[in-house]
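Take a look at the structure below.
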Amino acid sequence: MTGSSKHRRTPHHTIEILQSPHLELPSFLLTPENVFHKMGNLFGHNDIDFDSHPIFSRRYLLRGTDEGAIRDCFQDGVLTFYERQERVCSQGIGSFLLFYRPERPMNPAQWKQLMNTALEAHEQFVQRY
């Protein structure tokens, strides 16, 4: 829950969690970038950007502890995939990939679409090997 009293709200997410022996992901968090993230960059909260993909860099905040490994992981196909998406979030570590849309609960009819998109993300990460 966030807020209090009449301003309290509970965000809901529908999350696709993939575990694959074909993934070797560094620890990362990818979220849509907002004005607060841009202000955080002024105070040293780094966002990993890619000069080759300005749309990706403008839309998303990408963070993690091993920038080099994250840059190796987010190659052209991965970056292009995320540029085609609308407001998605992903987290990765090792053989796990979490994929979701922020604050957008989905009804069961929409789950298949989310699953297919998450599987496409998985394929993009796997193709880099």
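Chain lettering (A, B, ...) mirrors the order of the structure tokens, residue numbering begins at 1 for each chain separately, and ligand numbering begins at 1 in order of display.
Excluding Asp49 in chain A itself and same-chain residues fewer than 6 positions from it, the residues having an atom within 8 Å of it are Phe56, Ser57 and Leu62 of chain A, counting only C-alpha atoms.
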Can I get the selected residues back with C-alpha atoms, as a PDB file, in the first residue's frame?
```
ATOM      1  CA  PHE A  56      15.440   2.720 -24.941  1.00  0.00           C
ATOM      2  CA  SER A  57      17.593   5.107 -22.905  1.00  0.00           C
ATOM      3  CA  LEU A  62      18.225   0.323 -16.078  1.00  0.00           C
TER       4      LEU A  62
END
```
Can you list every residue in chain A that DSSP puts in helix (DSSP H, G or I), as a ChimeraX atom specification? /A:5-7,35-42,54-59,67-73,76-83,108-127
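Across the structure, CA of Gln124 in chain A and CA of Ser90 in chain A are spaced 13.0 Å apart.
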Closest to Arg71 in chain A among A:Gly92, A:Pro102, A:Pro26, A:Pro54, using only C-alpha atoms? A:Pro26
Polymer residues at most 12 Å from Leu18 in chain A, only C-alpha atoms, same-chain spacing of 5 or more positions, as a PyMOL selection string: chain A and resi 23+25+90-100+114-123+125
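Interatomic distance, CA of Leu79 in chain A to CA of Gln113 in chain A: 19.9 Å.
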Set the distance at 9 Å and use only C-alpha atoms: which residues neighbour Tyr60 in chain A once local chain neighbours fewer than 4 positions away are removed? I'd like the list as a compact mmCIF listing (two decimals) with C-alpha atoms, in the first residue's frame.
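The resulting selection-v9.txt:
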```
# COMPACT_ATOMS: atom_id res chain seq x y z
CA LEU A 30 14.50 -2.27 -15.65
CA THR A 31 11.55 0.11 -15.15
CA PRO A 32 9.92 2.91 -17.12
CA GLU A 33 11.86 6.10 -16.44
CA ASN A 34 10.06 9.03 -14.87
CA ASP A 47 20.98 4.83 -15.09
CA ASP A 49 22.04 4.24 -21.04
CA ILE A 55 14.62 5.46 -27.45
CA PHE A 56 15.44 2.72 -24.94
CA TYR A 82 12.21 -3.26 -25.11
CA GLU A 83 11.93 -0.23 -27.40
CA ARG A 87 5.77 0.51 -20.03
CA VAL A 88 7.17 -2.85 -19.01
CA CYS A 89 9.36 -3.82 -16.10
```
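Neighbours of Gly68 in chain A closer than or equal to 12 Å, with only C-alpha atoms counted and sequence neighbours fewer than 4 positions away skipped, come out as Leu25, Pro26, Ser27, Phe28, Ile48, Asp49, Arg63, Gly64, Asp72, Cys73, Phe74 and Gln75 of chain A.
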For the selection just defined, write its residues with C-alpha atoms to a file, as a compact mmCIF listing (two decimals), in the first residue's frame.
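Generated file (out.txt):
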```txt
# COMPACT_ATOMS: atom_id res chain seq x y z
CA LEU A 25 21.55 -12.86 -16.29
CA PRO A 26 23.37 -10.33 -14.15
CA SER A 27 21.31 -8.76 -11.41
CA PHE A 28 19.36 -5.89 -12.99
CA ILE A 48 22.67 2.63 -17.66
CA ASP A 49 22.04 4.24 -21.04
CA ARG A 63 20.21 -0.35 -12.91
CA GLY A 64 22.38 -3.04 -11.45
CA ASP A 72 26.95 -7.35 -22.31
CA CYS A 73 23.49 -8.75 -21.59
CA PHE A 74 21.53 -5.89 -23.18
CA GLN A 75 22.68 -6.29 -26.74
```
Assign secondary structure with DSSP using the backbone only, and return the residues of range 13-94 of chain A in strand (DSSP E) as a PyMOL selection string. chain A and resi 15-19+25-32+60-63+89-94
